[in-house]
file my_file-v4.cif (mmCIF, C-alpha atoms)
data_protein
#
loop_
_atom_site.group_PDB
_atom_site.id
_atom_site.type_symbol
_atom_site.label_atom_id
_atom_site.label_comp_id
_atom_site.auth_asym_id
_atom_site.auth_seq_id
_atom_site.Cartn_x
_atom_site.Cartn_y
_atom_site.Cartn_z
ATOM 1 C CA MET B 487 -50.868 67.865 56.022
ATOM 2 C CA LEU B 488 -49.679 71.385 55.314
ATOM 3 C CA GLU B 489 -46.436 70.023 53.959
ATOM 4 C CA TYR B 490 -48.293 69.066 50.800
ATOM 5 C CA PHE B 491 -49.366 72.625 50.045
ATOM 6 C CA ASN B 492 -47.022 74.903 48.213
ATOM 7 C CA TYR B 493 -47.410 78.311 49.855
ATOM 8 C CA SER B 494 -44.715 79.785 47.633
ATOM 9 C CA ASN B 495 -46.234 79.102 44.214
ATOM 10 C CA SER B 496 -44.103 80.838 41.625
ATOM 11 C CA LEU B 497 -45.745 83.517 39.522
ATOM 12 C CA SER B 498 -44.902 81.504 36.423
ATOM 13 C CA GLU B 499 -46.904 78.561 37.785
ATOM 14 C CA MET B 500 -49.864 80.798 38.536
ATOM 15 C CA PHE B 501 -49.726 82.304 35.066
ATOM 16 C CA SER B 502 -49.727 78.836 33.486
ATOM 17 C CA VAL B 503 -53.215 78.301 34.949
ATOM 18 C CA GLN B 504 -54.411 81.749 33.895
ATOM 19 C CA LYS B 505 -53.073 81.271 30.373
ATOM 20 C CA MET B 506 -55.305 78.246 29.840
ATOM 21 C CA THR B 507 -58.399 80.442 29.836
ATOM 22 C CA GLU B 508 -56.817 83.156 27.706
ATOM 23 C CA GLU B 509 -55.991 80.849 24.797
ATOM 24 C CA LYS B 510 -59.529 79.595 24.166
ATOM 25 C CA PRO B 511 -61.139 80.333 20.777
ATOM 26 C CA GLU B 512 -62.889 83.655 20.350
ATOM 27 C CA ASN B 513 -66.285 81.965 20.031
ATOM 28 C CA HIS B 514 -65.817 80.118 23.328
ATOM 29 C CA ILE B 515 -68.309 81.262 25.952
ATOM 30 C CA ASN B 516 -66.996 80.923 29.486
ATOM 31 C CA LEU B 517 -68.653 80.030 32.761
ATOM 32 C CA GLU B 518 -67.411 81.276 36.133
ATOM 33 C CA VAL B 519 -69.011 79.541 39.133
ATOM 34 C CA CYS B 520 -68.965 81.188 42.551
ATOM 35 C CA ILE B 521 -68.444 78.748 45.429
ATOM 36 C CA ASP B 522 -67.929 78.876 49.183
ATOM 37 C CA SER B 523 -67.447 75.197 50.086
ATOM 38 C CA PHE B 524 -65.413 72.173 49.037
ATOM 39 C CA GLU B 525 -68.567 70.356 47.934
ATOM 40 C CA SER B 526 -69.555 73.212 45.626
ATOM 41 C CA ALA B 527 -66.021 73.485 44.249
ATOM 42 C CA GLU B 528 -65.867 69.772 43.466
ATOM 43 C CA ASN B 529 -69.249 69.852 41.738
ATOM 44 C CA ALA B 530 -68.420 73.000 39.753
ATOM 45 C CA ILE B 531 -65.210 71.483 38.431
ATOM 46 C CA ALA B 532 -66.851 68.135 37.677
ATOM 47 C CA GLY B 533 -69.546 69.979 35.730
ATOM 48 C CA GLY B 534 -66.990 71.795 33.581
ATOM 49 C CA ALA B 535 -66.715 75.298 35.045
ATOM 50 C CA ASP B 536 -64.035 77.368 33.343
ATOM 51 C CA ARG B 537 -63.141 79.245 36.516
ATOM 52 C CA LEU B 538 -64.090 79.450 40.176
ATOM 53 C CA GLU B 539 -64.815 82.616 42.084
ATOM 54 C CA VAL B 540 -63.756 81.536 45.571
ATOM 55 C CA CYS B 541 -65.629 83.129 48.453
ATOM 56 C CA SER B 542 -66.885 82.602 51.937
ATOM 57 C CA SER B 543 -70.475 83.381 52.966
ATOM 58 C CA LEU B 544 -72.226 83.536 49.609
ATOM 59 C CA GLN B 545 -75.466 84.130 51.514
ATOM 60 C CA LEU B 546 -73.972 87.552 52.346
ATOM 61 C CA GLY B 547 -73.002 88.241 48.747
ATOM 62 C CA GLY B 548 -69.556 86.642 49.036
ATOM 63 C CA LEU B 549 -66.751 87.523 51.434
ATOM 64 C CA THR B 550 -62.999 86.874 51.482
ATOM 65 C CA PRO B 551 -62.180 83.142 51.652
ATOM 66 C CA SER B 552 -59.667 81.720 54.108
ATOM 67 C CA VAL B 553 -56.076 81.027 53.132
ATOM 68 C CA GLY B 554 -56.556 77.405 54.171
ATOM 69 C CA PHE B 555 -59.570 76.973 51.896
ATOM 70 C CA VAL B 556 -57.719 78.348 48.877
ATOM 71 C CA SER B 557 -54.575 76.331 49.669
ATOM 72 C CA VAL B 558 -56.484 73.061 49.724
ATOM 73 C CA LEU B 559 -58.372 73.956 46.523
ATOM 74 C CA ARG B 560 -55.091 74.699 44.780
ATOM 75 C CA TYR B 561 -53.621 71.403 45.938
ATOM 76 C CA LYS B 562 -56.665 69.373 44.870
ATOM 77 C CA TYR B 563 -57.302 71.213 41.590
ATOM 78 C CA PRO B 564 -53.921 72.457 40.337
ATOM 79 C CA ASP B 565 -55.215 73.355 36.856
ATOM 80 C CA THR B 566 -58.320 75.301 37.879
ATOM 81 C CA PRO B 567 -58.228 79.116 37.840
ATOM 82 C CA LEU B 568 -59.177 80.442 41.275
ATOM 83 C CA TYR B 569 -60.306 84.062 41.532
ATOM 84 C CA CYS B 570 -60.601 85.081 45.181
ATOM 85 C CA MET B 571 -63.113 87.582 46.494
ATOM 86 C CA ILE B 572 -61.600 90.418 48.523
ATOM 87 C CA ARG B 573 -64.384 91.767 50.717
ATOM 88 C CA GLN B 574 -63.946 92.074 54.464
ATOM 89 C CA ARG B 575 -67.576 92.401 55.404
ATOM 90 C CA PRO B 576 -71.106 92.570 54.014
ATOM 91 C CA GLY B 577 -72.723 95.921 53.318
ATOM 92 C CA ASN B 578 -71.511 98.864 51.280
ATOM 93 C CA PHE B 579 -68.231 99.150 49.371
ATOM 94 C CA VAL B 580 -66.856 102.188 51.187
ATOM 95 C CA TYR B 581 -63.777 100.993 53.075
ATOM 96 C CA THR B 582 -61.837 102.450 55.971
ATOM 97 C CA GLU B 583 -58.066 102.605 56.138
ATOM 98 C CA ASP B 584 -57.990 99.602 58.483
ATOM 99 C CA GLU B 585 -60.254 97.588 56.192
ATOM 100 C CA MET B 586 -58.012 98.356 53.232
ATOM 101 C CA SER B 587 -54.938 97.290 55.190
ATOM 102 C CA ALA B 588 -56.672 93.984 55.885
ATOM 103 C CA ASN B 589 -57.673 93.659 52.214
ATOM 104 C CA MET B 590 -54.058 94.119 51.145
ATOM 105 C CA GLU B 591 -52.878 91.500 53.635
ATOM 106 C CA ASP B 592 -55.474 89.066 52.327
ATOM 107 C CA VAL B 593 -54.294 89.584 48.748
ATOM 108 C CA GLU B 594 -50.681 88.931 49.723
ATOM 109 C CA TRP B 595 -51.495 85.712 51.587
ATOM 110 C CA LEU B 596 -53.961 84.436 49.009
ATOM 111 C CA LYS B 597 -51.375 84.922 46.262
ATOM 112 C CA LYS B 598 -49.056 82.640 48.229
ATOM 113 C CA ALA B 599 -51.902 80.151 48.728
ATOM 114 C CA GLY B 600 -52.430 79.793 44.970
ATOM 115 C CA ALA B 601 -54.948 82.388 43.830
ATOM 116 C CA THR B 602 -54.769 83.157 40.114
ATOM 117 C CA GLY B 603 -56.819 86.345 40.248
ATOM 118 C CA PHE B 604 -58.904 88.540 42.527
ATOM 119 C CA VAL B 605 -62.349 90.121 42.667
ATOM 120 C CA PHE B 606 -62.690 93.534 44.302
ATOM 121 C CA GLY B 607 -64.539 96.815 44.171
ATOM 122 C CA ALA B 608 -64.569 100.017 46.208
ATOM 123 C CA LEU B 609 -66.665 103.165 45.967
ATOM 124 C CA THR B 610 -66.563 106.597 47.536
ATOM 125 C CA THR B 611 -69.343 107.917 49.750
ATOM 126 C CA VAL B 612 -70.892 109.611 46.703
ATOM 127 C CA GLY B 613 -70.960 106.429 44.628
ATOM 128 C CA THR B 614 -67.960 106.985 42.383
ATOM 129 C CA LEU B 615 -65.086 104.549 41.984
ATOM 130 C CA ASP B 616 -62.588 104.819 44.844
ATOM 131 C CA ARG B 617 -59.505 105.130 42.696
ATOM 132 C CA GLU B 618 -56.990 104.994 45.536
ATOM 133 C CA ALA B 619 -58.465 101.841 47.108
ATOM 134 C CA CYS B 620 -58.848 100.062 43.778
ATOM 135 C CA ASP B 621 -55.375 101.005 42.588
ATOM 136 C CA THR B 622 -53.939 99.710 45.870
ATOM 137 C CA ILE B 623 -55.496 96.272 45.347
ATOM 138 C CA ILE B 624 -54.489 96.110 41.670
ATOM 139 C CA THR B 625 -50.909 97.008 42.603
ATOM 140 C CA THR B 626 -50.810 94.480 45.445
ATOM 141 C CA ALA B 627 -52.278 91.749 43.235
ATOM 142 C CA ARG B 628 -49.904 92.418 40.333
ATOM 143 C CA PRO B 629 -49.172 90.577 38.085
ATOM 144 C CA LEU B 630 -52.412 88.696 38.723
ATOM 145 C CA PRO B 631 -55.628 90.097 37.190
ATOM 146 C CA VAL B 632 -58.414 91.752 39.165
ATOM 147 C CA THR B 633 -62.139 91.788 38.357
ATOM 148 C CA PHE B 634 -64.253 94.760 39.433
ATOM 149 C CA HIS B 635 -67.290 93.204 41.092
ATOM 150 C CA ARG B 636 -70.922 94.220 41.459
ATOM 151 C CA ALA B 637 -70.038 97.424 43.263
ATOM 152 C CA ILE B 638 -70.613 98.821 39.771
ATOM 153 C CA ASP B 639 -74.284 97.932 40.160
ATOM 154 C CA VAL B 640 -74.658 100.497 42.941
ATOM 155 C CA ALA B 641 -72.338 103.111 41.430
ATOM 156 C CA TYR B 642 -73.851 106.533 40.770
ATOM 157 C CA ASP B 643 -72.827 106.528 37.088
ATOM 158 C CA TRP B 644 -71.863 103.094 35.759
ATOM 159 C CA LYS B 645 -70.274 104.440 32.564
ATOM 160 C CA SER B 646 -67.794 106.716 34.291
ATOM 161 C CA CYS B 647 -67.156 104.037 36.917
ATOM 162 C CA LEU B 648 -66.420 101.409 34.262
ATOM 163 C CA GLU B 649 -64.248 103.754 32.208
ATOM 164 C CA GLU B 650 -62.171 104.552 35.282
ATOM 165 C CA ALA B 651 -61.959 100.853 36.179
ATOM 166 C CA ILE B 652 -60.571 100.153 32.707
ATOM 167 C CA GLU B 653 -58.157 103.073 32.986
ATOM 168 C CA ILE B 654 -56.579 101.876 36.231
ATOM 169 C CA GLY B 655 -56.206 98.277 35.090
ATOM 170 C CA PHE B 656 -59.175 96.064 35.973
ATOM 171 C CA LYS B 657 -59.373 93.159 33.502
ATOM 172 C CA ALA B 658 -63.052 92.266 33.927
ATOM 173 C CA VAL B 659 -66.268 93.528 35.475
ATOM 174 C CA LEU B 660 -69.046 91.439 37.039
ATOM 175 C CA THR B 661 -72.459 93.040 36.699
ATOM 176 C CA SER B 662 -76.205 92.533 36.777
ATOM 177 C CA GLY B 663 -76.714 95.774 34.866
ATOM 178 C CA GLN B 664 -77.582 97.800 37.988
ATOM 179 C CA GLU B 665 -80.660 95.644 38.551
ATOM 180 C CA PRO B 666 -81.465 92.807 41.013
ATOM 181 C CA SER B 667 -80.716 90.195 38.325
ATOM 182 C CA ALA B 668 -78.926 89.962 34.996
ATOM 183 C CA LEU B 669 -82.241 89.380 33.228
ATOM 184 C CA ASP B 670 -83.591 92.642 34.644
ATOM 185 C CA GLY B 671 -80.412 94.503 33.707
ATOM 186 C CA VAL B 672 -79.935 92.989 30.286
ATOM 187 C CA HIS B 673 -80.085 96.300 28.415
ATOM 188 C CA ILE B 674 -77.272 97.887 30.417
ATOM 189 C CA ILE B 675 -75.179 94.701 30.207
ATOM 190 C CA ARG B 676 -75.576 94.711 26.436
ATOM 191 C CA GLU B 677 -74.590 98.375 26.292
ATOM 192 C CA MET B 678 -71.496 97.617 28.388
ATOM 193 C CA GLN B 679 -70.582 94.806 26.008
ATOM 194 C CA GLU B 680 -71.117 96.917 22.898
ATOM 195 C CA LEU B 681 -69.114 99.885 24.201
ATOM 196 C CA TYR B 682 -66.281 98.205 26.097
ATOM 197 C CA LYS B 683 -65.886 94.610 24.874
ATOM 198 C CA ASP B 684 -62.470 95.364 23.383
ATOM 199 C CA LYS B 685 -61.214 96.905 26.627
ATOM 200 C CA ILE B 686 -62.512 94.652 29.408
ATOM 201 C CA ASP B 687 -64.337 91.337 29.860
ATOM 202 C CA ILE B 688 -67.991 91.796 30.814
ATOM 203 C CA LEU B 689 -69.311 89.037 33.107
ATOM 204 C CA ALA B 690 -73.103 88.847 33.279
ATOM 205 C CA GLY B 691 -74.082 87.579 36.711
ATOM 206 C CA CYS B 692 -76.808 87.278 39.353
ATOM 207 C CA GLY B 693 -79.726 84.959 38.738
ATOM 208 C CA VAL B 694 -78.016 83.253 35.804
ATOM 209 C CA ASN B 695 -79.102 79.630 35.351
ATOM 210 C CA SER B 696 -79.553 76.966 32.681
ATOM 211 C CA SER B 697 -83.105 78.101 31.915
ATOM 212 C CA ASN B 698 -82.221 81.693 31.057
ATOM 213 C CA VAL B 699 -78.586 81.722 29.988
ATOM 214 C CA ALA B 700 -79.391 81.109 26.299
ATOM 215 C CA ASN B 701 -81.497 84.269 26.270
ATOM 216 C CA LEU B 702 -78.761 86.187 28.069
ATOM 217 C CA VAL B 703 -76.211 85.104 25.459
ATOM 218 C CA GLU B 704 -78.528 86.184 22.657
ATOM 219 C CA TRP B 705 -79.379 89.525 24.236
ATOM 220 C CA THR B 706 -76.026 90.571 25.742
ATOM 221 C CA LYS B 707 -73.459 88.904 23.442
ATOM 222 C CA CYS B 708 -71.116 88.536 26.427
ATOM 223 C CA HIS B 709 -68.400 85.868 26.446
ATOM 224 C CA TRP B 710 -68.488 85.338 30.230
ATOM 225 C CA TYR B 711 -71.366 84.302 32.508
ATOM 226 C CA HIS B 712 -71.286 84.025 36.294
ATOM 227 C CA ALA B 713 -73.512 81.710 38.329
ATOM 228 C CA SER B 714 -73.655 79.776 41.572
ATOM 229 C CA ALA B 715 -75.447 76.853 39.856
ATOM 230 C CA SER B 716 -76.747 75.961 43.300
ATOM 231 C CA VAL B 717 -79.785 74.403 44.934
ATOM 232 C CA LEU B 718 -80.951 74.193 48.517
ATOM 233 C CA LYS B 719 -79.154 71.389 50.311
ATOM 234 C CA LYS B 720 -81.637 68.963 51.790
ATOM 235 C CA ASN B 721 -81.519 66.745 54.848
ATOM 236 C CA VAL B 722 -78.934 68.810 56.697
ATOM 237 C CA PRO B 723 -79.257 68.212 60.448
ATOM 238 C CA MET B 724 -79.817 71.453 62.320
ATOM 239 C CA ASN B 725 -77.922 72.323 65.468
ATOM 240 C CA LYS B 726 -80.064 72.471 68.579
ATOM 241 C CA VAL B 727 -78.340 75.683 69.600
ATOM 242 C CA SER B 728 -77.752 78.319 66.931
ATOM 243 C CA MET B 729 -74.304 79.874 66.670
ATOM 244 C CA GLY B 730 -75.774 82.979 65.030
ATOM 245 C CA LYS B 731 -78.896 84.319 63.347
ATOM 246 C CA GLN B 732 -78.124 82.547 60.055
ATOM 247 C CA ASP B 733 -76.462 79.423 61.467
ATOM 248 C CA ASN B 734 -79.491 77.187 60.999
ATOM 249 C CA GLN B 735 -80.675 78.651 57.711
ATOM 250 C CA PRO B 736 -80.865 76.267 54.727
ATOM 251 C CA THR B 737 -77.598 76.152 52.809
ATOM 252 C CA ARG B 738 -77.070 76.059 49.065
ATOM 253 C CA VAL B 739 -74.633 73.908 47.146
ATOM 254 C CA THR B 740 -73.486 73.952 43.519
ATOM 255 C CA THR B 741 -74.652 70.894 41.588
ATOM 256 C CA VAL B 742 -72.814 69.022 38.850
ATOM 257 C CA GLU B 743 -76.027 68.784 36.835
ATOM 258 C CA GLU B 744 -76.723 72.522 36.769
ATOM 259 C CA VAL B 745 -73.122 73.403 35.867
ATOM 260 C CA ARG B 746 -73.168 70.791 33.117
ATOM 261 C CA MET B 747 -76.455 72.124 31.705
ATOM 262 C CA LEU B 748 -75.068 75.652 31.749
ATOM 263 C CA LYS B 749 -71.943 74.543 29.903
ATOM 264 C CA GLU B 750 -73.938 72.574 27.325
ATOM 265 C CA THR B 751 -76.121 75.604 26.669
ATOM 266 C CA LEU B 752 -73.076 77.850 26.341
ATOM 267 C CA ALA B 753 -71.252 75.481 23.967
ATOM 268 C CA PRO B 754 -70.717 77.003 20.487
ATOM 269 C CA VAL B 755 -73.011 75.637 17.796
#

call {"tool": "encode", "arguments": {"input": "my_file-v4.cif", "output": "structure tokens"}}
result
Amino acid sequence: MLEYFNYSNSLSEMFSVQKMTEEKPENHINLEVCIDSFESAENAIAGGADRLEVCSSLQLGGLTPSVGFVSVLRYKYPDTPLYCMIRQRPGNFVYTEDEMSANMEDVEWLKKAGATGFVFGALTTVGTLDREACDTIITTARPLPVTFHRAIDVAYDWKSCLEEAIEIGFKAVLTSGQEPSALDGVHIIREMQELYKDKIDILAGCGVNSSNVANLVEWTKCHWYHASASVLKKNVPMNKVSMGKQDNQPTRVTTVEEVRMLKETLAPV
């Protein structure tokens, strides 16, 4: 089966996918859907998602996906932008030298598997942007773009963190405005958009759904929104013996209907 997957995608091929999203009209409002399974990916694409954030373990906030997962997604959906999370473990965003070495390896292999961008963030022990770690990932990912993720929501000073992220080359930032949800952090998200919209894409995320996204668009004026568009998956048989503390917890899956409703709400009038 592996013979069907092109592990040596040329950079020109990867850019052709990325370019599709860059050439949309200025009034186009985009939807990025985070997924961690084939079922969620299929439903997100069927619903009209503009881009996928590809992860594993969304219940832990999203971790690095496997090379095999990304390879199969690229084969099945050759025209869909795939931004891969680079996060070795749950918890804080302060990384050791070994963890950064692993992050770099993941970027290299995921580029070959067909990633069109990456999502990463690293902080120092005092809550400032870890310039060395971030620059390492941006350099390794080059020429593919990198989004600074919600590490900014736990940064000591989001303005200085965002300004430094822009300076070293991040192309987007995913944020809930330093609050548990985008609705709670709407004022900071709007300030980010007003101050930095010409320098970096601001993605409003966390708790975004079809019932609140219209208000978020009105209040933040962002052109990108990030959601899982998921519901609890029902009727999943539980294993008699658990493989871990969360093995038998209810799982969530992206639905076509929720993605479609989000896209319809985001459509320009």

call {"tool": "resolve_selection", "arguments": {"input": "my_file-v4.cif", "expression": "the PyMOL selection byres ((chain B and resi 568-583) around 9)", "output": "number ranges by chain"}}
result
B: 503-504, 537-542, 546-551, 556, 559-560, 566-567, 584-590, 592-593, 596, 600-611, 613, 616, 619, 631-633, 635, 637

call {"tool": "resolve_selection", "arguments": {"input": "my_file-v4.cif", "expression": "the PyMOL selection byres ((chain B and resi 676) around 8)", "output": "ChimeraX atom specification"}}
result
/B:672-675,677-680,705-708

call {"tool": "closest_residue", "arguments": {"input": "my_file-v4.cif", "among": "B:Leu630, B:Leu718, B:Val703, B:Ala713", "to": "B:His514", "atoms": "all atoms listed in the file"}}
result
B:Val703

call {"tool": "resolve_selection", "arguments": {"input": "my_file-v4.cif", "expression": "the PyMOL selection byres ((chain B and resi 749) around 10)", "output": "list in words"}}
result
Ile515, Asn516, Leu517, Gly533, Gly534, Ala535, Asp536, Ser696, Val699, Glu743, Glu744, Val745, Arg746, Met747, Leu748, Glu750, Thr751, Leu752, Ala753 and Pro754 of chain B

call {"tool": "atom_distance", "arguments": {"input": "my_file-v4.cif", "atom1": "atom CA of B:Gly671", "atom2": "atom CA of B:Cys692"}}
result
9.9 Å

call {"tool": "atom_distance", "arguments": {"input": "my_file-v4.cif", "atom1": "atom CA of B:Ile686", "atom2": "atom CA of B:Asp670"}}
result
21.8 Å

call {"tool": "atom_distance", "arguments": {"input": "my_file-v4.cif", "atom1": "atom CA of B:Asp687", "atom2": "atom CA of B:Leu660"}}
result
8.6 Å

call {"tool": "residues_around", "arguments": {"input": "my_file-v4.cif", "residues": "B:Ser526", "least_positions_apart": "6", "cutoff": "8 Å", "atoms": "all atoms listed in the file", "output": "list in words"}}
result
Val739, Thr740 and Thr741 of chain B

call {"tool": "write_last_selection", "arguments": {"input": "my_file-v4.cif", "atoms": "C-alpha atoms", "output": "compact mmCIF listing (two decimals), in the coordinates of the input"}}
result
# COMPACT_ATOMS: atom_id res chain seq x y z
CA VAL B 739 -74.63 73.91 47.15
CA THR B 740 -73.49 73.95 43.52
CA THR B 741 -74.65 70.89 41.59

call {"tool": "residues_around", "arguments": {"input": "my_file-v4.cif", "residues": "B:Glu594", "least_positions_apart": "4", "cutoff": "8 Å", "atoms": "all atoms listed in the file", "output": "NGL selection string"}}
result
:B and (590 or 598 or 626-627)

call {"tool": "write_last_selection", "arguments": {"input": "my_file-v4.cif", "atoms": "C-alpha atoms", "output": "PDB file, in the frame of the given file"}}
result
ATOM      1  CA  MET B 590     -54.058  94.119  51.145  1.00  0.00           C
ATOM      2  CA  LYS B 598     -49.056  82.640  48.229  1.00  0.00           C
ATOM      3  CA  THR B 626     -50.810  94.480  45.445  1.00  0.00           C
ATOM      4  CA  ALA B 627     -52.278  91.749  43.235  1.00  0.00           C
TER       5      ALA B 627
END

call {"tool": "closest_residue", "arguments": {"input": "my_file-v4.cif", "among": "B:Ser662, B:Thr614, B:Thr625, B:Asn695", "to": "B:Asp643", "atoms": "all atoms listed in the file"}}
result
B:Thr614

call {"tool": "closest_residue", "arguments": {"input": "my_file-v4.cif", "among": "B:Val612, B:Ala668, B:Val659, B:Cys647", "to": "B:Lys685", "atoms": "only C-alpha atoms"}}
result
B:Val659

call {"tool": "closest_residue", "arguments": {"input": "my_file-v4.cif", "among": "B:Gly655, B:Pro564, B:Pro736, B:Gly554", "to": "B:Val717", "atoms": "all atoms listed in the file"}}
result
B:Pro736
